[in-house]
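Listing of my_file.txt, compact mmCIF, C-alpha atoms and all ligand atoms
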# COMPACT_ATOMS: atom_id res chain seq x y z
CA MET A 882 2.86 18.08 -31.03
CA GLU A 883 0.93 20.01 -33.73
CA GLU A 884 -1.75 17.33 -33.89
CA ALA A 885 -2.11 17.31 -30.10
CA GLN A 886 -2.36 21.13 -29.96
CA THR A 887 -5.05 21.13 -32.67
CA LEU A 888 -7.03 18.36 -30.96
CA LEU A 889 -6.84 20.13 -27.61
CA ALA A 890 -7.70 23.53 -29.11
CA ALA A 891 -10.79 22.17 -30.87
CA ALA A 892 -12.16 20.21 -27.89
CA ARG A 893 -15.14 21.88 -26.20
CA SER A 894 -14.72 19.67 -23.13
CA VAL A 895 -11.50 18.19 -21.81
CA VAL A 896 -10.58 15.90 -18.92
CA VAL A 897 -6.97 15.84 -17.77
CA LEU A 898 -5.94 12.70 -15.81
CA THR A 899 -2.59 12.84 -14.06
CA GLY A 900 -0.50 10.34 -12.14
CA ALA A 901 2.75 10.35 -10.20
CA GLY A 902 4.78 11.07 -13.35
CA VAL A 903 3.49 14.65 -13.49
CA SER A 904 5.31 15.34 -10.22
CA ALA A 905 8.53 13.51 -11.11
CA GLU A 906 10.25 16.70 -12.30
CA SER A 907 9.35 18.34 -8.99
CA GLY A 908 11.61 15.76 -7.40
CA ILE A 909 8.87 13.49 -6.09
CA PRO A 910 9.65 9.86 -6.98
CA THR A 911 6.91 7.90 -8.73
CA PHE A 912 5.40 4.68 -7.40
CA ARG A 913 6.76 2.22 -9.88
CA GLY A 914 9.80 4.12 -11.06
CA ASP A 915 13.26 2.66 -10.53
CA GLU A 916 14.05 5.08 -7.68
CA GLY A 917 10.83 3.91 -5.97
CA LEU A 918 8.53 5.95 -3.75
CA TRP A 919 9.28 3.90 -0.68
CA LYS A 920 12.37 3.15 1.33
CA SER A 921 12.13 -0.61 1.49
CA TYR A 922 8.41 -1.47 1.29
CA ARG A 923 6.09 -1.55 -1.73
CA PRO A 924 3.10 0.86 -1.71
CA GLU A 925 0.75 -2.05 -2.36
CA ARG A 926 1.89 -3.34 1.06
CA LEU A 927 2.16 -0.06 3.00
CA ALA A 928 -0.75 1.85 1.44
CA THR A 929 -3.39 -0.55 2.81
CA PRO A 930 -5.78 -0.56 5.77
CA GLU A 931 -4.25 -3.88 6.88
CA ALA A 932 -0.77 -2.36 7.10
CA PHE A 933 -2.14 0.58 9.13
CA ALA A 934 -4.08 -1.71 11.45
CA SER A 935 -1.05 -3.89 12.13
CA ASP A 936 1.61 -1.15 12.31
CA PRO A 937 0.22 2.41 12.31
CA ARG A 938 3.59 3.80 13.37
CA LEU A 939 5.41 2.38 10.32
CA VAL A 940 2.69 3.57 7.93
CA TRP A 941 2.75 7.02 9.50
CA GLU A 942 6.56 7.04 9.24
CA TRP A 943 6.24 6.50 5.47
CA TYR A 944 3.60 9.21 5.13
CA ALA A 945 5.47 11.65 7.39
CA TRP A 946 8.53 11.12 5.15
CA ARG A 947 6.44 11.80 2.01
CA ARG A 948 4.81 14.89 3.55
CA GLU A 949 8.22 16.31 4.50
CA LEU A 950 9.51 15.55 1.01
CA VAL A 951 6.56 17.19 -0.77
CA ALA A 952 6.62 20.21 1.57
CA THR A 953 10.16 20.97 0.33
CA ARG A 954 9.17 20.65 -3.36
CA SER A 955 7.26 22.95 -5.70
CA PRO A 956 5.03 22.62 -8.73
CA HIS A 957 7.01 22.70 -12.01
CA SER A 958 6.19 24.24 -15.41
CA GLY A 959 4.04 21.23 -16.30
CA HIS A 960 1.75 21.74 -13.28
CA VAL A 961 1.57 25.47 -14.10
CA ALA A 962 0.71 24.77 -17.75
CA LEU A 963 -2.20 22.52 -16.66
CA ALA A 964 -3.37 25.16 -14.16
CA ARG A 965 -3.32 27.73 -16.99
CA LEU A 966 -5.30 25.40 -19.25
CA CYS A 967 -7.96 24.98 -16.53
CA GLN A 968 -8.05 28.73 -15.93
CA ASP A 969 -8.14 29.92 -19.54
CA ARG A 970 -10.34 27.29 -21.12
CA PRO A 971 -13.88 26.63 -19.94
CA GLY A 972 -14.86 22.97 -19.91
CA VAL A 973 -11.52 21.62 -18.69
CA ARG A 974 -11.59 19.34 -15.61
CA LEU A 975 -8.39 18.26 -13.88
CA VAL A 976 -8.56 14.83 -12.21
CA THR A 977 -5.51 13.53 -10.38
CA GLN A 978 -4.46 10.26 -8.75
CA ASN A 979 -1.75 12.15 -6.89
CA VAL A 980 -1.96 12.98 -3.22
CA ASP A 981 0.86 15.57 -3.25
CA GLY A 982 -1.36 18.65 -3.66
CA LEU A 983 0.94 20.17 -6.32
CA HIS A 984 -1.86 20.84 -8.83
CA ALA A 985 -3.73 22.92 -6.23
CA ARG A 986 -0.51 24.77 -5.34
CA ALA A 987 0.14 25.56 -9.02
CA ALA A 988 -3.42 26.87 -9.39
CA SER A 989 -3.07 29.17 -6.38
CA GLU A 990 0.38 30.29 -7.62
CA ILE A 991 -1.22 31.65 -10.83
CA GLY A 992 -4.27 32.90 -8.92
CA SER A 993 -6.56 30.61 -10.87
CA GLY A 994 -10.27 30.78 -10.15
CA ALA A 995 -10.85 27.42 -11.85
CA ALA A 996 -12.49 24.57 -9.93
CA PRO A 997 -9.99 22.77 -7.69
CA PRO A 998 -8.54 19.51 -9.05
CA LEU A 999 -10.51 16.37 -8.33
CA GLU A 1000 -8.25 14.34 -6.01
CA LEU A 1001 -9.36 10.76 -6.63
CA HIS A 1002 -7.06 9.30 -3.97
CA GLY A 1003 -7.25 12.09 -1.39
CA SER A 1004 -4.35 14.15 -0.08
CA LEU A 1005 -1.23 13.73 2.06
CA PHE A 1006 -2.18 16.97 3.79
CA ARG A 1007 -5.60 15.96 5.08
CA VAL A 1008 -6.29 13.54 7.92
CA ARG A 1009 -9.34 11.71 9.13
CA CYS A 1010 -10.21 9.95 12.36
CA THR A 1011 -10.26 6.14 12.54
CA ALA A 1012 -12.95 6.28 15.25
CA CYS A 1013 -15.31 9.14 14.30
CA ARG A 1014 -16.21 11.28 11.28
CA TYR A 1015 -13.66 14.00 12.02
CA ARG A 1016 -11.59 15.07 9.01
CA ALA A 1017 -9.49 18.18 8.47
CA PRO A 1018 -6.51 19.67 6.63
CA HIS A 1019 -3.29 18.77 8.47
CA THR A 1020 0.14 20.13 7.52
CA ALA A 1021 1.90 20.05 10.92
CA SER A 1022 4.85 17.66 11.10
CA VAL A 1023 4.00 14.22 12.45
CA ASP A 1024 6.20 12.54 15.07
CA SER A 1025 6.07 8.91 13.95
CA GLY A 1026 8.70 7.92 16.55
CA THR A 1027 6.27 5.95 18.70
CA VAL A 1028 2.59 5.00 18.58
CA GLU A 1029 2.00 7.40 21.49
CA THR A 1030 3.22 10.42 19.46
CA LEU A 1031 1.01 9.68 16.42
CA PRO A 1032 -1.66 12.35 15.72
CA ARG A 1033 -4.90 12.04 17.70
CA CYS A 1034 -8.43 13.22 16.97
CA PRO A 1035 -9.30 16.47 18.82
CA GLU A 1036 -12.93 15.33 18.99
CA CYS A 1037 -12.68 11.78 20.31
CA GLY A 1038 -9.00 11.03 20.91
CA GLY A 1039 -9.04 8.35 18.22
CA LEU A 1040 -5.98 7.69 16.06
CA LEU A 1041 -5.85 9.92 12.98
CA ARG A 1042 -4.85 8.53 9.56
CA PRO A 1043 -3.87 10.17 6.28
CA ALA A 1044 -7.04 11.02 4.32
CA VAL A 1045 -5.87 9.04 1.29
CA VAL A 1046 -7.51 6.06 -0.42
CA TRP A 1047 -5.53 2.88 0.25
CA PHE A 1048 -5.48 -0.23 -1.94
CA GLY A 1049 -8.64 -2.20 -1.28
CA GLU A 1050 -10.49 0.89 -0.08
CA SER A 1051 -13.21 2.40 -2.23
CA LEU A 1052 -12.88 5.92 -3.55
CA ASP A 1053 -15.35 8.62 -2.59
CA ALA A 1054 -18.44 7.76 -4.64
CA ALA A 1055 -19.30 11.39 -5.44
CA VAL A 1056 -15.75 12.09 -6.64
CA VAL A 1057 -15.76 8.97 -8.82
CA ALA A 1058 -19.16 9.85 -10.30
CA GLU A 1059 -18.01 13.38 -11.12
CA ALA A 1060 -14.77 12.12 -12.69
CA PHE A 1061 -16.51 9.56 -14.90
CA ARG A 1062 -19.23 12.02 -15.93
CA ALA A 1063 -16.52 14.47 -16.99
CA ALA A 1064 -14.65 11.71 -18.84
CA GLU A 1065 -17.79 10.64 -20.71
CA GLU A 1066 -18.56 14.22 -21.72
CA ALA A 1067 -14.98 14.97 -22.71
CA GLU A 1068 -14.01 15.20 -26.36
CA VAL A 1069 -10.37 14.84 -25.30
CA CYS A 1070 -8.82 13.03 -22.34
CA LEU A 1071 -5.26 14.25 -21.78
CA VAL A 1072 -3.44 11.54 -19.76
CA VAL A 1073 -0.19 12.65 -18.15
CA GLY A 1074 2.33 10.61 -16.16
CA THR A 1075 0.41 7.51 -15.20
CA SER A 1076 1.23 3.85 -15.77
CA ALA A 1077 -2.53 3.33 -16.10
CA VAL A 1078 -2.62 0.21 -13.91
CA VAL A 1079 -4.54 1.45 -10.86
CA GLN A 1080 -8.31 1.11 -11.04
CA PRO A 1081 -10.77 2.75 -11.24
CA ALA A 1082 -8.69 5.79 -12.36
CA ALA A 1083 -7.20 3.93 -15.33
CA ALA A 1084 -10.71 3.37 -16.72
CA LEU A 1085 -11.40 7.11 -17.10
CA PRO A 1086 -9.69 7.54 -20.51
CA LEU A 1087 -11.61 4.48 -21.76
CA SER A 1088 -14.85 6.29 -20.91
CA THR A 1089 -13.82 9.18 -23.12
CA LEU A 1090 -13.00 6.76 -25.95
CA ARG A 1091 -16.28 4.88 -25.52
CA THR A 1092 -18.27 8.07 -26.02
CA GLY A 1093 -16.34 9.02 -29.14
CA GLY A 1094 -13.63 11.19 -27.63
CA ALA A 1095 -9.88 10.97 -28.18
CA VAL A 1096 -6.95 10.29 -25.82
CA ILE A 1097 -3.68 12.20 -25.82
CA GLU A 1098 -0.92 10.62 -23.73
CA VAL A 1099 2.12 12.40 -22.28
CA ASN A 1100 4.61 9.86 -20.92
CA PRO A 1101 8.29 9.04 -21.58
CA VAL A 1102 7.44 5.34 -21.87
CA PRO A 1103 4.59 3.30 -23.41
CA THR A 1104 1.61 2.36 -21.22
CA PRO A 1105 -1.53 0.25 -21.84
CA LEU A 1106 -3.15 3.48 -23.06
CA SER A 1107 -0.50 4.20 -25.71
CA GLN A 1108 -2.09 1.99 -28.35
CA VAL A 1109 -5.55 3.57 -27.93
CA ALA A 1110 -4.23 7.14 -27.82
CA GLU A 1111 -4.91 9.37 -30.83
CA VAL A 1112 -1.61 11.14 -30.13
CA VAL A 1113 1.30 10.09 -27.92
CA LEU A 1114 3.81 12.73 -26.80
CA ARG A 1115 6.74 10.56 -25.76
CA GLY A 1116 8.63 12.63 -23.19
CA PRO A 1117 8.56 14.39 -19.82
CA ALA A 1118 5.58 16.44 -18.66
CA GLY A 1119 7.67 19.47 -17.68
CA GLU A 1120 9.00 19.76 -21.23
CA LEU A 1121 5.89 18.84 -23.23
CA LEU A 1122 2.98 20.40 -21.34
CA PRO A 1123 3.98 24.07 -21.67
CA PRO A 1124 4.19 24.02 -25.51
CA LEU A 1125 1.12 21.77 -25.72
CA VAL A 1126 -0.99 24.19 -23.65
CA GLU A 1127 0.59 27.25 -25.32
CA GLY A 1128 -0.36 25.93 -28.74
CA ALA A 1129 -3.86 24.92 -27.64
CA LEU A 1130 -4.59 28.33 -26.10
CA ALA A 1131 -3.13 30.31 -29.00
C1 LIG B 1201 -10.69 -0.18 -5.20
C2 LIG B 1201 -3.09 6.82 -2.52
C3 LIG B 1201 -12.18 -1.80 -4.47
C4 LIG B 1201 -2.24 6.25 -1.45
C5 LIG B 1201 -3.22 5.15 -4.30
C6 LIG B 1201 -5.77 -7.13 -7.16
C7 LIG B 1201 -5.58 -7.18 -5.79
C8 LIG B 1201 -5.98 -6.12 -4.95
C9 LIG B 1201 -6.58 -4.99 -5.50
C10 LIG B 1201 -6.74 -4.96 -6.86
C11 LIG B 1201 -6.35 -6.01 -7.69
N1 LIG B 1201 -6.65 -5.65 -8.97
C12 LIG B 1201 -7.20 -4.43 -8.99
C13 LIG B 1201 -7.29 -4.01 -7.70
C14 LIG B 1201 -7.87 -2.78 -7.28
C15 LIG B 1201 -6.74 -1.81 -6.90
C16 LIG B 1201 -5.74 -1.69 -8.02
O1 LIG B 1201 -6.04 -1.07 -9.02
N2 LIG B 1201 -4.54 -2.28 -7.83
C17 LIG B 1201 -3.52 -2.21 -8.85
C18 LIG B 1201 -2.14 -2.18 -8.19
C19 LIG B 1201 -3.67 -3.40 -9.78
N3 LIG B 1201 -7.41 -0.56 -6.72
C20 LIG B 1201 -7.85 -0.24 -5.50
O2 LIG B 1201 -7.67 -0.91 -4.50
C21 LIG B 1201 -8.67 1.03 -5.45
N4 LIG B 1201 -9.86 0.74 -4.75
O3 LIG B 1201 -10.61 -0.71 -6.28
O4 LIG B 1201 -11.64 -0.49 -4.32
C22 LIG B 1201 -13.47 -1.72 -3.84
C23 LIG B 1201 -14.59 -1.54 -4.65
C24 LIG B 1201 -15.80 -1.50 -4.03
C25 LIG B 1201 -15.88 -1.57 -2.64
C26 LIG B 1201 -14.73 -1.71 -1.86
C27 LIG B 1201 -13.51 -1.78 -2.45
C28 LIG B 1201 -7.91 2.11 -4.70
C29 LIG B 1201 -6.71 2.51 -5.52
C30 LIG B 1201 -6.09 3.74 -4.88
C31 LIG B 1201 -4.84 3.31 -4.17
N5 LIG B 1201 -4.18 4.53 -3.68
N6 LIG B 1201 -2.66 6.25 -3.81
C32 LIG B 1201 -0.86 6.83 -1.51
O5 LIG B 1201 -0.49 7.50 -2.49
O6 LIG B 1201 -0.14 6.60 -0.53
S1 LIG B 1201 -2.72 4.56 -5.79
C33 LIG B 1201 -1.21 5.19 -6.22
O7 LIG B 1201 -0.97 4.67 -7.51
C34 LIG B 1201 -1.10 6.69 -6.39
O8 LIG B 1201 -2.32 7.38 -6.27
C35 LIG B 1201 -0.62 6.80 -7.83
O9 LIG B 1201 -0.91 8.00 -8.39
C36 LIG B 1201 -1.37 5.69 -8.40
C37 LIG B 1201 -1.15 5.23 -9.77
O10 LIG B 1201 0.20 5.13 -10.01
P1 LIG B 1201 0.74 6.20 -11.08
O11 LIG B 1201 0.27 7.54 -10.68
O12 LIG B 1201 0.41 5.72 -12.44
O13 LIG B 1201 2.27 6.15 -10.78
P2 LIG B 1201 3.30 5.10 -11.39
O14 LIG B 1201 4.57 5.22 -10.62
O15 LIG B 1201 2.63 3.77 -11.50
O16 LIG B 1201 3.54 5.59 -12.89
C38 LIG B 1201 4.23 6.81 -13.12
C39 LIG B 1201 4.15 7.04 -14.61
O17 LIG B 1201 4.74 8.31 -14.88
C40 LIG B 1201 4.94 6.02 -15.41
O18 LIG B 1201 4.15 5.61 -16.52
C41 LIG B 1201 6.16 6.79 -15.89
O19 LIG B 1201 6.58 6.37 -17.17
C42 LIG B 1201 5.62 8.18 -15.98
N7 LIG B 1201 6.63 9.24 -15.81
C43 LIG B 1201 7.81 9.19 -15.15
N8 LIG B 1201 8.44 10.41 -15.24
C44 LIG B 1201 7.62 11.21 -15.96
C45 LIG B 1201 6.46 10.49 -16.33
N9 LIG B 1201 5.48 11.02 -17.06
C46 LIG B 1201 5.62 12.30 -17.46
N10 LIG B 1201 6.69 13.06 -17.15
C47 LIG B 1201 7.71 12.56 -16.41
N11 LIG B 1201 8.77 13.32 -16.11
ZN ZN B 1202 -12.39 11.08 16.30
Could you render the structure from this file as structure tokens?
Amino acid sequence: MEEAQTLLAAARSVVVLTGAGVSAESGIPTFRGDEGLWKSYRPERLATPEAFASDPRLVWEWYAWRRELVATRSPHSGHVALARLCQDRPGVRLVTQNVDGLHARAASEIGSGAAPPLELHGSLFRVRCTACRYRAPHTASVDSGTVETLPRCPECGGLLRPAVVWFGESLDAAVVAEAFRAAEEAEVCLVVGTSAVVQPAAALPLSTLRTGGAVIEVNPVPTPLSQVAEVVLRGPAGELLPPLVEGALA
């Protein structure tokens, strides 16, 4: 922990990359964990444009379930620690693969003026139209009972979809460019709660390494990044992030 605090304290620019594991202690199941973030389907099958095209009701049922779940959960001490790091240290950029919006909620809880987290894969609480360019925040509950009750576009009547990036869909080019620029400039990439299998997010820490930076990993289990990490904090985010940030800000 000492070594990680020293590394983080000395870094003039930092990128934090988080995955589903950072929200596990808020009671939101991860993708590939044993409890599984889906009732009986795999995300690689449900979180795809093909699945939505063939059965929009089922896909919306899964997302409505996840939105309800997240709406009843709150950011934990790990999210708050990262929000504090972004607020108190210039040059820290938070990039997340998560679509649960908990980083943004933690930042507003502490009244942080830092830049909002970069949401690589979009958000559960934004929608976009499948037939026009309409997109907007959307937190109302979704009735996924029948296709007829699915949310419709107020502009053109087209079917609305969650504004998340599905497998096989490309990420927003500007968001990706900003994330990789930050990773290249970073002296430290702090990777928290990701199995580091989903691309292109998993390539971000490698960009930091390639330009001479160091990786710190926070995860209870080894990942492909563990052997290239300068420091590995083997444990849960909620327990490790507060002392890590505390020590780095001291
Ligand atoms: C793209 C939004 C191409 C939706 C998500 C082969 C076939 C098909 C595709 C591919 C392929 N090979 C590669 C690809 C590309 C594909 C991909 O990477 N697939 C993977 C599965 C191999 N990528 C894509 O399709 C991307 N798009 O490449 O476009 C393209 C290019 C040009 C032009 C056109 C197209 C899009 C990827 C985005 C997919 N969307 N989410 C939704 O959420 O519904 S990805 C999804 O996985 C989430 O965003 C999630 O965050 C992300 C990554 O998973 P993790 O966050 O790592 O979660 P996971 O459960 O895996 O791990 C949790 C970790 O936490 C574990 O390590 C665990 O140990 C740890 N943990 C547990 N508890 C704790 C903890 N850590 C700390 N504390 C704890 N308490
Ligand atoms: Zn529309």
Counting all atoms listed in the file, which residues in stretch 979-1067 of chain A sit no more than 9 Å from stretch 1088-1104 of chain A? For each one, give the nearest pair of atoms and the distance in Å, sorted by chain then residue number, as a Markdown table.
| residue | atom | partner | partner_atom | distance |
| --- | --- | --- | --- | --- |
| A:Phe1061 | CA | A:Ser1088 | CA | 7.0 |
| A:Arg1062 | CA | A:Ser1088 | CA | 8.8 |
| A:Ala1063 | CA | A:Thr1089 | CA | 8.5 |
| A:Ala1064 | CA | A:Thr1089 | CA | 5.0 |
| A:Glu1065 | CA | A:Thr1089 | CA | 4.9 |
| A:Glu1066 | CA | A:Thr1089 | CA | 7.1 |
| A:Ala1067 | CA | A:Thr1089 | CA | 5.9 |
Item checked: Protein and nucleic acid residues near (-6.9, 18.6, -31.1) (cut-off 12 Å, all atoms listed in the file) as a list in words ->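 The residues that fall inside the cut-off are Met882, Glu883, Glu884, Ala885, Gln886, Thr887, Leu888, Leu889, Ala890, Ala891, Ala892, Arg893, Ser894, Val895, Glu1068, Val1069, Cys1070, Leu1071, Gly1094, Ala1095, Val1096, Ile1097, Glu1111, Val1112, Leu1125, Val1126, Gly1128, Ala1129 and Leu1130 of chain A.
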Write to file, as a PDB file, in the frame of the given file, the residues of the selection just made, with C-alpha atoms.
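Saved as out05.pdb:
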ATOM      1  CA  MET A 882       2.860  18.080 -31.030  1.00  0.00           C
ATOM      2  CA  GLU A 883       0.930  20.010 -33.730  1.00  0.00           C
ATOM      3  CA  GLU A 884      -1.750  17.330 -33.890  1.00  0.00           C
ATOM      4  CA  ALA A 885      -2.110  17.310 -30.100  1.00  0.00           C
ATOM      5  CA  GLN A 886      -2.360  21.130 -29.960  1.00  0.00           C
ATOM      6  CA  THR A 887      -5.050  21.130 -32.670  1.00  0.00           C
ATOM      7  CA  LEU A 888      -7.030  18.360 -30.960  1.00  0.00           C
ATOM      8  CA  LEU A 889      -6.840  20.130 -27.610  1.00  0.00           C
ATOM      9  CA  ALA A 890      -7.700  23.530 -29.110  1.00  0.00           C
ATOM     10  CA  ALA A 891     -10.790  22.170 -30.870  1.00  0.00           C
ATOM     11  CA  ALA A 892     -12.160  20.210 -27.890  1.00  0.00           C
ATOM     12  CA  ARG A 893     -15.140  21.880 -26.200  1.00  0.00           C
ATOM     13  CA  SER A 894     -14.720  19.670 -23.130  1.00  0.00           C
ATOM     14  CA  VAL A 895     -11.500  18.190 -21.810  1.00  0.00           C
ATOM     15  CA  GLU A1068     -14.010  15.200 -26.360  1.00  0.00           C
ATOM     16  CA  VAL A1069     -10.370  14.840 -25.300  1.00  0.00           C
ATOM     17  CA  CYS A1070      -8.820  13.030 -22.340  1.00  0.00           C
ATOM     18  CA  LEU A1071      -5.260  14.250 -21.780  1.00  0.00           C
ATOM     19  CA  GLY A1094     -13.630  11.190 -27.630  1.00  0.00           C
ATOM     20  CA  ALA A1095      -9.880  10.970 -28.180  1.00  0.00           C
ATOM     21  CA  VAL A1096      -6.950  10.290 -25.820  1.00  0.00           C
ATOM     22  CA  ILE A1097      -3.680  12.200 -25.820  1.00  0.00           C
ATOM     23  CA  GLU A1111      -4.910   9.370 -30.830  1.00  0.00           C
ATOM     24  CA  VAL A1112      -1.610  11.140 -30.130  1.00  0.00           C
ATOM     25  CA  LEU A1125       1.120  21.770 -25.720  1.00  0.00           C
ATOM     26  CA  VAL A1126      -0.990  24.190 -23.650  1.00  0.00           C
ATOM     27  CA  GLY A1128      -0.360  25.930 -28.740  1.00  0.00           C
ATOM     28  CA  ALA A1129      -3.860  24.920 -27.640  1.00  0.00           C
ATOM     29  CA  LEU A1130      -4.590  28.330 -26.100  1.00  0.00           C
TER      30      LEU A1130
END
Next item on the list: Select, from A:Leu966, A:Val1046, A:Leu1121, A:Ala1017, the residue with the minimum atom-to-atom distance to ligand LIG 1201 (chain B), counting all atoms listed in the file.
Entry: A:Val1046
Item checked: Point-to-point distance in Å for atom CA of A:Glu942 and atom CA of A:Thr1030 ->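 For atom CA of A:Thr1030 relative to atom CA of A:Glu942, the distance reads 11.3 Å.
Among A:Asp936, A:Glu1127, A:Phe1048, A:Gly959, the residue with the shortest atom-to-atom distance to A:Arg923, counting only C-alpha atoms, is A:Phe1048.
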Around all the atoms of stretch 1020-1029 of chain A listed in the file, draw an axis-aligned box and extend it by 3 Å on each of the six sides; I want its centre and edge lengths in Å to one decimal, as AutoDock Vina command-line options.
--center_x 4.4 --center_y 12.6 --center_z 14.5 --size_x 14.6 --size_y 21.1 --size_z 20.0
Item checked: Computed interatomic separation between atom CA of A:Ile991 and atom CA of A:Pro956 (Å) -> 11.2 Å
Checklist line | Top pick for closest residue to A:Gly982, considering A:Val1008, A:Val951, A:Leu1031, A:Ala1054 and counting all atoms listed in the file | finding: A:Val951
Next item on the list: Take atom CA of A:Pro930 and atom CA of A:Ala901 and report the distance between them in Å, one decimal.
Entry: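 Taking atom CA of A:Pro930 as the start and atom CA of A:Ala901 as the end point, the length is 21.1 Å.
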Select from chain A every residue with an atom at most 6 Å from any atom of ligand ZN 1202 (chain B), then for each give the shortest pair of atoms and their distance in Å to one decimal, using all atoms listed in the file, rows by chain and rising number, as JSON lines.
{"residue": "A:Cys1010", "atom": "CA", "partner": "B:ZN1202", "partner_atom": "ZN", "distance": 4.6}
{"residue": "A:Ala1012", "atom": "CA", "partner": "B:ZN1202", "partner_atom": "ZN", "distance": 4.9}
{"residue": "A:Cys1013", "atom": "CA", "partner": "B:ZN1202", "partner_atom": "ZN", "distance": 4.0}
{"residue": "A:Tyr1015", "atom": "CA", "partner": "B:ZN1202", "partner_atom": "ZN", "distance": 5.3}
{"residue": "A:Cys1034", "atom": "CA", "partner": "B:ZN1202", "partner_atom": "ZN", "distance": 4.6}
{"residue": "A:Glu1036", "atom": "CA", "partner": "B:ZN1202", "partner_atom": "ZN", "distance": 5.1}
{"residue": "A:Cys1037", "atom": "CA", "partner": "B:ZN1202", "partner_atom": "ZN", "distance": 4.1}
{"residue": "A:Gly1038", "atom": "CA", "partner": "B:ZN1202", "partner_atom": "ZN", "distance": 5.7}
{"residue": "A:Gly1039", "atom": "CA", "partner": "B:ZN1202", "partner_atom": "ZN", "distance": 4.7}
Next item on the list: Give as a ChimeraX atom specification the residues surrounding ligand LIG 1201 (chain B) up to a distance of 7 Å, considering all atoms listed in the file.
Entry: /A:899-903,905-906,911-914,924-925,928,978-980,1002-1003,1045-1052,1073-1081,1099-1102,1104,1116-1119
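When all atoms listed in the file are used to compute distances to A:Arg1014, the closest of the residues A:Pro1105, A:Pro1035, A:Pro998, A:Pro910 turns out to be A:Pro1035.
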Test item: which residues lie within 12 Å of (-5.3, 26.8, -4.1) counting only C-alpha atoms, as a PDB file with C-alpha atoms, in the coordinates of the input:
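Wrote it out as result.pdb, contents follow:
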ATOM      1  CA  ALA A 964      -3.370  25.160 -14.160  1.00  0.00           C
ATOM      2  CA  GLY A 982      -1.360  18.650  -3.660  1.00  0.00           C
ATOM      3  CA  LEU A 983       0.940  20.170  -6.320  1.00  0.00           C
ATOM      4  CA  HIS A 984      -1.860  20.840  -8.830  1.00  0.00           C
ATOM      5  CA  ALA A 985      -3.730  22.920  -6.230  1.00  0.00           C
ATOM      6  CA  ARG A 986      -0.510  24.770  -5.340  1.00  0.00           C
ATOM      7  CA  ALA A 987       0.140  25.560  -9.020  1.00  0.00           C
ATOM      8  CA  ALA A 988      -3.420  26.870  -9.390  1.00  0.00           C
ATOM      9  CA  SER A 989      -3.070  29.170  -6.380  1.00  0.00           C
ATOM     10  CA  GLU A 990       0.380  30.290  -7.620  1.00  0.00           C
ATOM     11  CA  ILE A 991      -1.220  31.650 -10.830  1.00  0.00           C
ATOM     12  CA  GLY A 992      -4.270  32.900  -8.920  1.00  0.00           C
ATOM     13  CA  SER A 993      -6.560  30.610 -10.870  1.00  0.00           C
ATOM     14  CA  GLY A 994     -10.270  30.780 -10.150  1.00  0.00           C
ATOM     15  CA  ALA A 995     -10.850  27.420 -11.850  1.00  0.00           C
ATOM     16  CA  ALA A 996     -12.490  24.570  -9.930  1.00  0.00           C
ATOM     17  CA  PRO A 997      -9.990  22.770  -7.690  1.00  0.00           C
ATOM     18  CA  PRO A 998      -8.540  19.510  -9.050  1.00  0.00           C
TER      19      PRO A 998
END
Next item on the list: Find the residues around A:Ser958 up to 7 Å (all atoms listed in the file counted), leave out those fewer than 3 positions away in its own chain, and share them as JSON, numbers by chain.
Entry: {"A": [961, 962, 1119, 1123]}
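If only C-alpha atoms are the atoms counted, then among A:His960, A:Val1028, A:Arg947, A:Gln1108 the closest residue to A:Glu1120 is A:His960.
For the set A:Leu1005, A:Leu950, A:Ala1082, A:Leu999, the residue with the smallest atom-to-atom gap to A:Val1056 is A:Leu999, counting all atoms listed in the file.
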